[in-house]
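Asks: Pasting a structure here, questions to come.
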There are 2 protein chains.
Amino acid sequence: MGRERATLADVARRAGLSKTAASMVLNGREGTRLSAEAHQRVFAAAEELGYRPNVAARSLRTRKTATIAFVSDIVATTRFAGGLIRGALDAARERDHVLLITETQGDATFERYAIEAILDRQVDGVIYAAMATRRLAVPPAILGGSVVLLNATSPEPLPCVLPDDEGAGAMVAETLLAQGHRDRIALIGRNRQKELDPEISLAADARLRGIRSTLAAAGVALLTEGFCPEWLPEHGYAAMRTLLDRPTRPTAVICMNDRLAFGAYQALGEAGLSIPGDLSVISFDDDPIAAWLRPGLSTAALPHEQMGRRAVEVLLDGGDGGASFVPMPLRRRRSVATPAA
Amino acid sequence: MGRERATLADVARRAGLSKTAASMVLNGREGTRLSAEAHQRVFAAAEELGYRPNVAARSLRTRKTATIAFVSDIVATTRFAGGLIRGALDAARERDHVLLITETQGDATFERYAIEAILDRQVDGVIYAAMATRRLAVPPAILGGSVVLLNATSPEPLPCVLPDDEGAGAMVAETLLAQGHRDRIALIGRNRQKELDPEISLAADARLRGIRSTLAAAGVALLTEGFCPEWLPEHGYAAMRTLLDRPTRPTAVICMNDRLAFGAYQALGEAGLSIPGDLSVISFDDDPIAAWLRPGLSTAALPHEQMGRRAVEVLLDGGDGGASFVPMPLRRRRSVATPAA
DNA sequence: CCACGTCGCTAAACTGATTTAGCAGAGCAT
DNA sequence: ATGCTCTGCTAAATCAGTTTAGCGACGTGG
């Protein structure tokens, strides 16, 4: 900082004009009748003084802060969703906005606190994000302003941004069909809670729908469906082991996420089976680990960055008020092949 | 929001006092001679109206915003360091502050932009964070205010918060010694660039120092040291394979981070060797993957959350102006055992 | 010659807080 | 009665912008 910042009054003085004139010129107001020369002088003065408007003063009058609140349950903290923030950050910067980040940690007190903090600061809008794609209740206090849900829906008719899990399910199933897998496709990661309670997950049900409908259209049914209490590596490991104990071994396994797939890899490794030679594996999320596995895991990527970006766009540029589905691109690696005859 | 927010003037009116009185009471000013009854009335009025001060108005006058800028090269986005943000978020909330997050992505234009955005908003302080522990140059524009470096140092004498990598190195080495490993301890992840250029990494050199000095004190030298161009799984995999090709197989391997260790696990799995039966593995970072590996990987954890927290504490509560080292706790899992006779 | 409109610009109000300077009244000593 | 201090409180300035209302000069048509 060093010396004081120049104020609008300084600019006006140096340009030999009034604050009013300077303000209007710098804000590019239409319909003002200031001369071209006045414009020149103001711009020159602002440039010479390195003038930057004081945001506090401006927002006191205008009630605009060029600031967006990013409220999440636990997103900021999670390895999965840094991408949401990065995308939002990028899009915000492009629109000359800045992000105020808050976490509720699913705690009502923290949430109240976060809401108050952002209302006090008069943010221009709120992005309300969830770590796991799910339905949630938006605190009524922020419903007065503009809100976009990110990776979530709510009972209120708010614009929201979601990954296209159903499309991803379809794509995953198609990929296996295209490779010639038919009646020996297994699935790991069924979970009633996740599938039935939208407040826990929307992804489980959507992915499953996409998979089922695509396979059904090809006249194929899933060979077996392994239930898992959580979508963690240990459960994928256990599920894969029980799968291998069955009389008919599948030619391909769809895992509901990459961590399950990681567990499945571990079980296959121990069993001395090779991927994709003995068995193909495909999955969802594109967790960083998917690229590190040997062979690399083919998986439908959660487009976190795109989603964060879209949320800001919808908030600032206005959306159609409905749900915005962001496609999940398939990352093709080496874990899927044509089944051995 | 709904209806308008109450202003200080509203509170004063309802309390039958002046704005001055209301302001003083609510700010708990000492030395004012306002009566106990006046205090009561102001508090009651504020409570009844749900009064919350307008931050913009306040900071226009006081130049304080109760906002901290969290500027990072790429931290917000990275799975490694969500913890930094969470810790900072928690500590900030405890002190009634809020975090403004910005990313420079290592790009000079973005950095300039970020700096302007935070100066415009008159943040109370800046946390300047790096993804990889390293030395960096702080933009002079923010040196006027208070700055704390997080996971970084700089040529300027600024307070900084760093993980205690050297201590972690020592602890890792001690752990192996305590289990009875002596002359057949290998290391994976040597890297001249990282070790020599503090602008790339401070961790590599510090970890190595800790390991070396501890082993030396016990009269032990490293068996072999595998160089790696990067600290990624594939390099750990390659390094472990060459290690296994040697005539003497190590009893233990220290990996410079968990991703290298993951690669090492993969190579060991393929070679049919078991951990820790045939070989112990120990590492640094406590990446989530460390807990997912089979067996779980013992590793010195980067205390991201503590570090983020500490940075806010130093910034707001004042530090001693020097470097603040946060210990890296060892997560003991099952990858280390006594070597087979 | 005067009323009127347009042009180019400015004074002052306003946003909602904090802070400085100071006022009225009571009590007390001289 | 006068001057002084202390108590309890307030008017007004201030922060740095935006916005409203309007002023003086000039050109023009009647």
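Going through the structure tokens in order, the chains are called A, B, and so on, while each chain numbers its residues from 1 and the ligands are numbered from 1 in the order shown.
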For the reference chain B, what are the coordinates of chain A after least-squares fitting (all Cα, in-order pairing), as a short mmCIF file (atom, residue, chain, number, x, y, z; two decimals) with C-alpha atoms, in the first residue's frame?
Replies:
data_model
loop_
_atom_site.label_atom_id
_atom_site.label_comp_id
_atom_site.auth_asym_id
_atom_site.auth_seq_id
_atom_site.Cartn_x
_atom_site.Cartn_y
_atom_site.Cartn_z
CA MET A 1 -34.36 -11.02 3.82
CA GLY A 2 -37.97 -10.01 3.37
CA ARG A 3 -38.34 -6.65 5.02
CA GLU A 4 -35.64 -4.11 5.51
CA ARG A 5 -32.88 -4.56 7.97
CA ALA A 6 -32.94 -2.37 11.03
CA THR A 7 -30.25 0.31 11.12
CA LEU A 8 -28.46 1.81 14.03
CA ALA A 9 -30.76 4.81 13.76
CA ASP A 10 -33.75 2.51 14.25
CA VAL A 11 -32.20 1.03 17.33
CA ALA A 12 -31.38 4.45 18.73
CA ARG A 13 -34.89 5.71 18.09
CA ARG A 14 -36.48 2.72 19.76
CA ALA A 15 -34.17 3.08 22.74
CA GLY A 16 -34.96 6.77 22.92
CA LEU A 17 -31.29 7.66 22.58
CA SER A 18 -28.92 9.04 19.98
CA LYS A 19 -27.05 7.05 17.33
CA THR A 20 -23.89 7.96 19.18
CA ALA A 21 -25.16 6.36 22.37
CA ALA A 22 -26.36 3.26 20.57
CA SER A 23 -23.08 2.89 18.72
CA MET A 24 -21.04 3.21 21.86
CA VAL A 25 -23.12 0.77 23.83
CA LEU A 26 -23.15 -1.84 21.10
CA ASN A 27 -19.43 -1.55 20.63
CA GLY A 28 -18.86 -1.89 24.34
CA ARG A 29 -16.79 1.24 24.52
CA GLU A 30 -14.98 1.83 27.77
CA GLY A 31 -14.95 5.21 29.42
CA THR A 32 -18.31 6.30 28.09
CA ARG A 33 -20.52 7.55 30.84
CA LEU A 34 -23.78 6.09 29.61
CA SER A 35 -26.02 4.83 32.39
CA ALA A 36 -26.74 1.21 33.05
CA GLU A 37 -30.29 1.89 32.06
CA ALA A 38 -29.22 3.30 28.72
CA HIS A 39 -27.24 0.15 28.12
CA GLN A 40 -30.27 -1.96 28.87
CA ARG A 41 -32.47 0.00 26.54
CA VAL A 42 -30.03 -0.17 23.66
CA PHE A 43 -29.45 -3.87 24.04
CA ALA A 44 -33.16 -4.51 24.28
CA ALA A 45 -33.91 -2.43 21.21
CA ALA A 46 -31.16 -4.11 19.19
CA GLU A 47 -32.42 -7.50 20.24
CA GLU A 48 -36.03 -6.71 19.43
CA LEU A 49 -35.20 -5.35 16.01
CA GLY A 50 -32.74 -8.12 15.23
CA TYR A 51 -30.21 -5.42 14.53
CA ARG A 52 -27.04 -6.35 12.70
CA PRO A 53 -24.55 -3.69 11.71
CA ASN A 54 -23.94 -3.04 8.05
CA VAL A 55 -20.39 -4.11 7.39
CA ALA A 56 -19.93 -1.81 4.41
CA ALA A 57 -20.87 1.27 6.38
CA ARG A 58 -18.73 0.31 9.30
CA SER A 59 -15.67 -0.46 7.26
CA LEU A 60 -16.04 2.73 5.29
CA ARG A 61 -15.35 4.56 8.49
CA THR A 62 -13.05 2.20 10.34
CA ARG A 63 -11.17 0.59 7.48
CA LYS A 64 -11.73 -2.76 9.08
CA THR A 65 -13.72 -5.39 7.28
CA ALA A 66 -13.50 -8.50 9.44
CA THR A 67 -12.38 -10.18 6.27
CA ILE A 68 -9.20 -12.07 5.55
CA ALA A 69 -7.94 -12.73 2.06
CA PHE A 70 -6.75 -16.25 1.39
CA VAL A 71 -4.53 -15.98 -1.66
CA SER A 72 -2.99 -19.11 -3.02
CA ASP A 73 -1.25 -20.30 -6.10
CA ILE A 74 -3.50 -23.25 -6.53
CA VAL A 75 -4.40 -24.42 -3.09
CA ALA A 76 -8.13 -24.02 -3.10
CA THR A 77 -8.34 -26.40 -5.91
CA THR A 78 -6.13 -29.13 -4.75
CA ARG A 79 -7.08 -32.26 -2.94
CA PHE A 80 -4.05 -31.87 -0.73
CA ALA A 81 -4.90 -28.66 0.80
CA GLY A 82 -8.58 -28.33 1.37
CA GLY A 83 -7.53 -28.83 4.95
CA LEU A 84 -5.61 -25.56 4.91
CA ILE A 85 -8.81 -23.79 4.02
CA ARG A 86 -10.92 -25.63 6.50
CA GLY A 87 -8.54 -24.84 9.35
CA ALA A 88 -8.42 -21.20 8.32
CA LEU A 89 -12.19 -21.10 8.01
CA ASP A 90 -12.65 -22.49 11.50
CA ALA A 91 -10.20 -20.16 13.14
CA ALA A 92 -11.62 -17.20 11.23
CA ARG A 93 -15.13 -17.99 12.34
CA GLU A 94 -14.04 -18.19 15.95
CA ARG A 95 -12.73 -14.66 15.59
CA ASP A 96 -15.76 -13.38 13.74
CA HIS A 97 -13.97 -13.09 10.48
CA VAL A 98 -14.69 -14.32 7.05
CA LEU A 99 -12.47 -15.58 4.23
CA LEU A 100 -12.18 -14.11 0.78
CA ILE A 101 -10.62 -16.70 -1.46
CA THR A 102 -8.53 -16.07 -4.52
CA GLU A 103 -6.30 -18.11 -6.74
CA THR A 104 -3.40 -16.90 -8.81
CA GLN A 105 -2.72 -20.17 -10.60
CA GLY A 106 0.86 -19.02 -10.73
CA ASP A 107 -0.13 -16.48 -13.36
CA ALA A 108 1.17 -12.93 -12.97
CA THR A 109 -1.94 -11.34 -14.46
CA PHE A 110 -4.25 -13.30 -12.22
CA GLU A 111 -2.08 -12.43 -9.28
CA ARG A 112 -2.24 -8.73 -10.02
CA TYR A 113 -5.95 -9.06 -10.39
CA ALA A 114 -6.30 -10.89 -7.10
CA ILE A 115 -4.21 -8.32 -5.28
CA GLU A 116 -6.27 -5.46 -6.64
CA ALA A 117 -9.48 -7.20 -5.69
CA ILE A 118 -8.37 -7.62 -2.12
CA LEU A 119 -6.94 -4.14 -1.79
CA ASP A 120 -10.18 -2.70 -3.14
CA ARG A 121 -12.02 -4.56 -0.43
CA GLN A 122 -9.63 -3.44 2.27
CA VAL A 123 -9.19 -6.84 3.84
CA ASP A 124 -7.71 -6.86 7.32
CA GLY A 125 -4.95 -9.23 6.40
CA VAL A 126 -3.69 -11.64 3.82
CA ILE A 127 -2.83 -15.31 4.07
CA TYR A 128 -0.57 -16.13 1.20
CA ALA A 129 -0.55 -19.86 0.69
CA ALA A 130 1.35 -22.26 -1.53
CA MET A 131 0.38 -25.75 -2.54
CA ALA A 132 3.84 -27.19 -2.22
CA THR A 133 5.90 -26.08 0.73
CA ARG A 134 8.32 -23.64 -0.87
CA ARG A 135 9.85 -20.19 -0.92
CA LEU A 136 8.04 -17.56 -2.94
CA ALA A 137 8.04 -13.86 -3.71
CA VAL A 138 5.26 -11.87 -2.11
CA PRO A 139 3.84 -9.08 -4.27
CA PRO A 140 5.03 -5.79 -2.77
CA ALA A 141 1.57 -4.28 -2.99
CA ILE A 142 0.35 -6.27 -0.01
CA LEU A 143 3.41 -5.72 2.15
CA GLY A 144 1.78 -2.59 3.57
CA GLY A 145 -0.74 -4.66 5.48
CA SER A 146 -0.35 -7.76 7.57
CA VAL A 147 0.60 -10.90 5.74
CA VAL A 148 1.18 -14.44 6.88
CA LEU A 149 2.72 -17.04 4.63
CA LEU A 150 1.14 -20.44 4.75
CA ASN A 151 3.11 -23.47 3.67
CA ALA A 152 5.71 -21.09 2.33
CA THR A 153 8.55 -18.76 3.22
CA SER A 154 9.79 -15.68 1.45
CA PRO A 155 12.89 -13.53 1.24
CA GLU A 156 11.04 -10.84 3.21
CA PRO A 157 10.99 -11.33 6.98
CA LEU A 158 7.32 -12.28 7.19
CA PRO A 159 5.70 -14.60 9.70
CA CYS A 160 5.11 -17.99 8.17
CA VAL A 161 3.54 -21.31 9.00
CA LEU A 162 5.24 -24.49 7.86
CA PRO A 163 4.94 -28.20 8.48
CA ASP A 164 7.79 -29.63 10.50
CA ASP A 165 9.16 -31.80 7.71
CA GLU A 166 12.51 -32.27 9.34
CA GLY A 167 10.92 -33.52 12.53
CA ALA A 168 8.76 -35.83 10.46
CA GLY A 169 11.81 -37.21 8.72
CA ALA A 170 13.38 -37.90 12.07
CA MET A 171 10.25 -39.58 13.35
CA VAL A 172 9.94 -41.77 10.30
CA ALA A 173 13.54 -42.90 10.63
CA GLU A 174 13.14 -43.50 14.35
CA THR A 175 10.06 -45.60 13.74
CA LEU A 176 12.01 -47.92 11.49
CA LEU A 177 14.96 -48.06 13.88
CA ALA A 178 12.63 -48.85 16.75
CA GLN A 179 11.26 -51.80 14.82
CA GLY A 180 14.77 -53.11 14.40
CA HIS A 181 15.51 -52.06 10.85
CA ARG A 182 19.19 -51.21 10.50
CA ASP A 183 21.32 -51.46 7.44
CA ARG A 184 18.77 -52.35 4.83
CA ILE A 185 16.61 -49.23 4.77
CA ALA A 186 16.06 -47.83 1.29
CA LEU A 187 14.62 -44.52 0.21
CA ILE A 188 12.43 -43.69 -2.76
CA GLY A 189 12.00 -40.17 -4.04
CA ARG A 190 15.35 -38.43 -4.14
CA ASN A 191 15.08 -35.46 -6.45
CA ARG A 192 17.82 -32.89 -6.88
CA GLN A 193 15.56 -30.14 -8.09
CA LYS A 194 13.21 -30.42 -5.18
CA GLU A 195 16.07 -30.71 -2.73
CA LEU A 196 18.16 -27.85 -4.03
CA ASP A 197 15.69 -25.23 -5.21
CA PRO A 198 13.73 -23.78 -2.31
CA GLU A 199 11.40 -22.14 -4.81
CA ILE A 200 10.27 -25.61 -5.84
CA SER A 201 10.22 -27.39 -2.52
CA LEU A 202 11.35 -27.02 1.03
CA ALA A 203 9.93 -30.37 2.08
CA ALA A 204 12.28 -32.64 0.16
CA ASP A 205 15.41 -31.28 1.74
CA ALA A 206 13.94 -31.02 5.23
CA ARG A 207 12.58 -34.56 5.23
CA LEU A 208 15.86 -35.89 3.98
CA ARG A 209 17.80 -33.99 6.65
CA GLY A 210 15.60 -35.42 9.36
CA ILE A 211 15.98 -38.94 8.04
CA ARG A 212 19.74 -38.72 7.50
CA SER A 213 20.62 -37.16 10.80
CA THR A 214 18.54 -39.64 12.76
CA LEU A 215 19.96 -42.64 10.97
CA ALA A 216 23.47 -41.23 11.26
CA ALA A 217 23.02 -40.81 15.00
CA ALA A 218 22.24 -44.52 15.15
CA GLY A 219 25.24 -45.30 13.01
CA VAL A 220 23.10 -46.41 10.09
CA ALA A 221 23.37 -45.37 6.44
CA LEU A 222 20.70 -45.65 3.81
CA LEU A 223 21.03 -48.79 1.73
CA THR A 224 20.09 -47.14 -1.55
CA GLU A 225 18.42 -43.96 -2.61
CA GLY A 226 16.12 -44.03 -5.63
CA PHE A 227 15.83 -40.86 -7.67
CA CYS A 228 12.45 -39.88 -9.09
CA PRO A 229 11.69 -37.13 -11.61
CA GLU A 230 8.36 -36.52 -9.86
CA TRP A 231 6.65 -37.79 -6.75
CA LEU A 232 3.89 -39.67 -8.56
CA PRO A 233 2.75 -43.30 -8.28
CA GLU A 234 4.33 -44.36 -11.56
CA HIS A 235 7.73 -43.16 -10.35
CA GLY A 236 7.33 -44.97 -7.07
CA TYR A 237 6.42 -48.07 -9.03
CA ALA A 238 9.48 -47.81 -11.24
CA ALA A 239 11.77 -47.06 -8.32
CA MET A 240 10.50 -50.03 -6.37
CA ARG A 241 11.01 -52.34 -9.33
CA THR A 242 14.62 -51.34 -9.75
CA LEU A 243 15.05 -51.72 -6.01
CA LEU A 244 13.78 -55.29 -6.22
CA ASP A 245 16.21 -56.08 -9.01
CA ARG A 246 19.16 -55.42 -6.71
CA PRO A 247 20.99 -58.31 -5.06
CA THR A 248 20.16 -57.22 -1.48
CA ARG A 249 16.51 -56.57 -0.92
CA PRO A 250 15.78 -53.84 1.66
CA THR A 251 13.83 -54.65 4.81
CA ALA A 252 12.16 -51.25 4.77
CA VAL A 253 11.50 -48.44 2.32
CA ILE A 254 10.94 -44.80 3.13
CA CYS A 255 8.93 -43.04 0.43
CA MET A 256 9.08 -39.28 0.19
CA ASN A 257 5.31 -39.14 -0.15
CA ASP A 258 2.24 -41.34 -0.22
CA ARG A 259 1.82 -41.34 -3.95
CA LEU A 260 5.27 -42.80 -4.38
CA ALA A 261 4.36 -45.30 -1.71
CA PHE A 262 1.24 -46.20 -3.63
CA GLY A 263 3.39 -46.96 -6.67
CA ALA A 264 5.70 -48.99 -4.48
CA TYR A 265 2.73 -51.01 -3.20
CA GLN A 266 1.73 -51.74 -6.78
CA ALA A 267 5.20 -53.01 -7.66
CA LEU A 268 5.36 -55.12 -4.52
CA GLY A 269 1.95 -56.58 -5.24
CA GLU A 270 2.99 -57.57 -8.72
CA ALA A 271 6.19 -59.10 -7.38
CA GLY A 272 4.14 -61.17 -4.97
CA LEU A 273 5.80 -59.64 -1.93
CA SER A 274 3.79 -58.81 1.13
CA ILE A 275 3.80 -55.70 3.28
CA PRO A 276 4.98 -55.61 6.00
CA GLY A 277 5.95 -59.31 6.04
CA ASP A 278 8.58 -59.09 3.35
CA LEU A 279 9.16 -55.38 3.51
CA SER A 280 8.02 -52.39 5.57
CA VAL A 281 6.89 -49.17 3.91
CA ILE A 282 6.60 -45.76 5.53
CA SER A 283 5.93 -42.41 4.03
CA PHE A 284 4.86 -38.76 4.29
CA ASP A 285 1.66 -36.72 3.76
CA ASP A 286 -1.24 -38.88 4.89
CA ASP A 287 -2.99 -38.54 1.60
CA PRO A 288 -6.47 -40.11 1.87
CA ILE A 289 -5.13 -43.00 -0.14
CA ALA A 290 -2.83 -44.00 2.71
CA ALA A 291 -5.82 -45.26 4.68
CA TRP A 292 -7.24 -47.10 1.69
CA LEU A 293 -4.18 -49.13 0.85
CA ARG A 294 -3.97 -52.72 2.04
CA PRO A 295 -2.34 -52.81 4.49
CA GLY A 296 -2.90 -49.24 5.63
CA LEU A 297 0.17 -47.10 5.07
CA SER A 298 2.01 -45.63 8.05
CA THR A 299 2.82 -42.04 7.21
CA ALA A 300 3.72 -38.69 8.73
CA ALA A 301 0.64 -36.52 8.21
CA LEU A 302 0.74 -33.04 6.79
CA PRO A 303 -1.22 -31.12 9.43
CA HIS A 304 -3.09 -29.01 6.93
CA GLU A 305 -5.96 -28.12 9.17
CA GLN A 306 -3.70 -27.11 12.03
CA MET A 307 -1.63 -25.05 9.66
CA GLY A 308 -4.59 -23.15 8.26
CA ARG A 309 -5.77 -22.50 11.76
CA ARG A 310 -2.37 -21.33 12.91
CA ALA A 311 -2.07 -18.94 9.99
CA VAL A 312 -5.24 -17.16 11.02
CA GLU A 313 -4.14 -17.09 14.64
CA VAL A 314 -0.80 -15.56 13.76
CA LEU A 315 -2.47 -13.02 11.50
CA LEU A 316 -5.15 -11.92 13.93
CA ASP A 317 -3.73 -12.61 17.36
CA GLY A 318 -0.21 -11.68 16.38
CA GLY A 319 2.70 -14.06 16.21
CA ASP A 320 6.30 -13.66 17.14
CA GLY A 321 7.05 -12.67 13.58
CA GLY A 322 9.11 -15.76 12.88
CA ALA A 323 8.45 -19.15 11.41
CA SER A 324 5.91 -21.35 13.08
CA PHE A 325 6.47 -25.07 12.60
CA VAL A 326 3.49 -27.35 12.98
CA PRO A 327 4.35 -30.93 13.97
CA MET A 328 3.50 -33.72 11.56
CA PRO A 329 1.91 -36.53 13.54
CA LEU A 330 2.73 -40.08 12.54
CA ARG A 331 -0.29 -42.11 11.51
CA ARG A 332 0.59 -45.64 12.55
CA ARG A 333 -1.09 -48.21 10.37
CA ARG A 334 0.04 -51.69 9.39
CA SER A 335 2.77 -51.17 6.84
CA VAL A 336 5.67 -51.27 9.26
CA ALA A 337 6.83 -54.35 11.16
CA THR A 338 9.96 -55.93 12.54
CA PRO A 339 12.09 -57.34 9.72
CA ALA A 340 12.13 -61.10 9.31
CA ALA A 341 15.25 -62.54 10.89
#
Asks: List every residue of stretch 234-309 of chain B that DSSP, applied to the backbone, labels as alpha helix (DSSP H), and write the result as number ranges by chain.
Replies: B: 234-245, 258-270, 288-292, 304-309
Asks: Would you output that residue set with N, CA and C atoms, as a short mmCIF file (atom, residue, chain, number, x, y, z; two decimals), in the first residue's frame?
Replies:
data_model
loop_
_atom_site.label_atom_id
_atom_site.label_comp_id
_atom_site.auth_asym_id
_atom_site.auth_seq_id
_atom_site.Cartn_x
_atom_site.Cartn_y
_atom_site.Cartn_z
N GLU B 234 3.57 -43.62 -10.55
CA GLU B 234 4.34 -44.34 -11.56
C GLU B 234 5.83 -44.32 -11.26
N HIS B 235 6.31 -43.23 -10.68
CA HIS B 235 7.74 -43.15 -10.36
C HIS B 235 8.07 -44.01 -9.15
N GLY B 236 7.14 -44.08 -8.22
CA GLY B 236 7.35 -44.97 -7.08
C GLY B 236 7.37 -46.42 -7.54
N TYR B 237 6.51 -46.70 -8.49
CA TYR B 237 6.43 -48.06 -9.04
C TYR B 237 7.76 -48.43 -9.70
N ALA B 238 8.22 -47.54 -10.56
CA ALA B 238 9.48 -47.80 -11.26
C ALA B 238 10.63 -47.94 -10.28
N ALA B 239 10.67 -47.03 -9.30
CA ALA B 239 11.78 -47.05 -8.34
C ALA B 239 11.77 -48.36 -7.55
N MET B 240 10.59 -48.79 -7.18
CA MET B 240 10.52 -50.02 -6.41
C MET B 240 10.95 -51.22 -7.24
N ARG B 241 10.60 -51.21 -8.51
CA ARG B 241 11.02 -52.32 -9.38
C ARG B 241 12.53 -52.39 -9.50
N THR B 242 13.16 -51.27 -9.70
CA THR B 242 14.62 -51.32 -9.81
C THR B 242 15.22 -51.75 -8.47
N LEU B 243 14.58 -51.33 -7.39
CA LEU B 243 15.06 -51.72 -6.06
C LEU B 243 15.03 -53.24 -5.91
N LEU B 244 13.96 -53.83 -6.45
CA LEU B 244 13.79 -55.28 -6.29
C LEU B 244 14.75 -56.07 -7.19
N ASP B 245 15.26 -55.38 -8.20
CA ASP B 245 16.21 -56.05 -9.09
C ASP B 245 17.60 -56.16 -8.47
N ASP B 258 3.16 -40.20 -0.14
CA ASP B 258 2.26 -41.34 -0.21
C ASP B 258 1.98 -41.81 -1.62
N ARG B 259 2.08 -40.89 -2.57
CA ARG B 259 1.83 -41.33 -3.93
C ARG B 259 2.95 -42.23 -4.43
N LEU B 260 4.18 -41.88 -4.08
CA LEU B 260 5.28 -42.79 -4.38
C LEU B 260 5.05 -44.13 -3.70
N ALA B 261 4.59 -44.08 -2.45
CA ALA B 261 4.37 -45.31 -1.70
C ALA B 261 3.30 -46.15 -2.38
N PHE B 262 2.30 -45.47 -2.93
CA PHE B 262 1.25 -46.20 -3.64
C PHE B 262 1.86 -46.97 -4.81
N GLY B 263 2.71 -46.28 -5.56
CA GLY B 263 3.39 -46.95 -6.66
C GLY B 263 4.23 -48.11 -6.17
N ALA B 264 4.89 -47.93 -5.05
CA ALA B 264 5.71 -49.00 -4.48
C ALA B 264 4.84 -50.21 -4.12
N TYR B 265 3.70 -49.93 -3.55
CA TYR B 265 2.75 -51.01 -3.22
C TYR B 265 2.40 -51.80 -4.47
N GLN B 266 2.14 -51.06 -5.55
CA GLN B 266 1.75 -51.74 -6.79
C GLN B 266 2.85 -52.67 -7.27
N ALA B 267 4.09 -52.18 -7.21
CA ALA B 267 5.22 -53.00 -7.67
C ALA B 267 5.39 -54.22 -6.77
N LEU B 268 5.24 -54.01 -5.48
CA LEU B 268 5.39 -55.13 -4.54
C LEU B 268 4.29 -56.16 -4.76
N GLY B 269 3.08 -55.67 -4.99
CA GLY B 269 1.97 -56.58 -5.24
C GLY B 269 2.25 -57.45 -6.45
N GLU B 270 2.71 -56.82 -7.52
CA GLU B 270 3.00 -57.58 -8.73
C GLU B 270 4.13 -58.59 -8.51
N PRO B 288 -5.36 -39.21 1.59
CA PRO B 288 -6.45 -40.13 1.91
C PRO B 288 -6.15 -41.56 1.46
N ILE B 289 -5.38 -41.68 0.40
CA ILE B 289 -5.11 -43.00 -0.12
C ILE B 289 -4.35 -43.87 0.89
N ALA B 290 -3.61 -43.26 1.79
CA ALA B 290 -2.79 -44.03 2.74
C ALA B 290 -3.68 -44.95 3.58
N ALA B 291 -4.88 -44.48 3.88
CA ALA B 291 -5.78 -45.29 4.70
C ALA B 291 -6.47 -46.36 3.87
N TRP B 292 -6.48 -46.18 2.57
CA TRP B 292 -7.20 -47.11 1.70
C TRP B 292 -6.34 -48.27 1.25
N HIS B 304 -2.52 -30.16 7.70
CA HIS B 304 -3.09 -29.04 6.96
C HIS B 304 -4.04 -28.20 7.80
N GLU B 305 -4.93 -28.89 8.49
CA GLU B 305 -5.95 -28.16 9.21
C GLU B 305 -5.32 -27.29 10.31
N GLN B 306 -4.41 -27.90 11.05
CA GLN B 306 -3.69 -27.14 12.07
C GLN B 306 -2.97 -25.94 11.47
N MET B 307 -2.39 -26.15 10.32
CA MET B 307 -1.63 -25.07 9.70
C MET B 307 -2.52 -23.91 9.30
N GLY B 308 -3.65 -24.23 8.70
CA GLY B 308 -4.58 -23.18 8.30
C GLY B 308 -5.04 -22.39 9.52
N ARG B 309 -5.34 -23.13 10.55
CA ARG B 309 -5.76 -22.52 11.80
C ARG B 309 -4.67 -21.61 12.36
#
Asks: Select all residues from chain D having any atom no more than 8 Å from an atom of chain A (counting only C-alpha atoms (C1' of nucleotides), ignoring ligands), output as a list of chain:residue names.
Replies: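 Taken together, these residues fit the definition: D:DC15, D:DA16, D:DG17, D:DT18.
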Asks: From the set C:DT30, C:DT10, C:DT20, C:DT15, which residue has the shortest atom-to-atom contact distance to chain B, counting only C-alpha atoms (C1' of nucleotides)?
Replies: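 Using only C-alpha atoms (C1' of nucleotides), chain B sits closest to C:DT15.
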Asks: Identify every residue of chain C that has at least one atom within 7 Å of any atom of chain B, counting only C-alpha atoms (C1' of nucleotides), and report the result as a list in words.
Replies: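 The complete set of qualifying residues is DG16, DA17 and DT18 of chain C.
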Asks: Okay, now the selection with N, CA and C atoms (P, O5', C5', C4', C3', O3' and C1' of nucleotides), as a tab-separated table (two decimals), in the first residue's frame?
Replies:
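What ended up in out33.tsv:
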chain	number	residue	atom	x	y	z
C	16	DG	P	-29.10	2.73	4.80
C	16	DG	O5'	-27.93	2.57	5.85
C	16	DG	C5'	-27.05	1.46	5.75
C	16	DG	C4'	-25.97	1.61	6.79
C	16	DG	C3'	-26.48	1.79	8.22
C	16	DG	O3'	-25.64	1.02	9.06
C	16	DG	C1'	-25.03	3.53	7.71
C	17	DA	P	-26.15	0.53	10.49
C	17	DA	O5'	-25.08	1.23	11.47
C	17	DA	C5'	-23.93	0.59	11.87
C	17	DA	C4'	-22.67	1.34	11.45
C	17	DA	C3'	-21.91	2.04	12.56
C	17	DA	O3'	-21.05	1.09	13.16
C	17	DA	C1'	-21.93	3.34	10.54
C	18	DT	P	-20.44	1.36	14.56
C	18	DT	O5'	-19.39	2.52	14.26
C	18	DT	C5'	-18.19	2.22	13.57
C	18	DT	C4'	-17.31	3.44	13.57
C	18	DT	C3'	-16.77	3.86	14.94
C	18	DT	O3'	-15.42	4.24	14.72
C	18	DT	C1'	-17.93	5.68	13.98
Asks: Could you give me, as a PyMOL selection string, each residue of stretch 41-217 of chain B that DSSP assigns to strand (DSSP E or B) when run on this structure's backbone?
Replies: chain B and resi 67-72+98-103+125-135+147-153+160-163+185-190
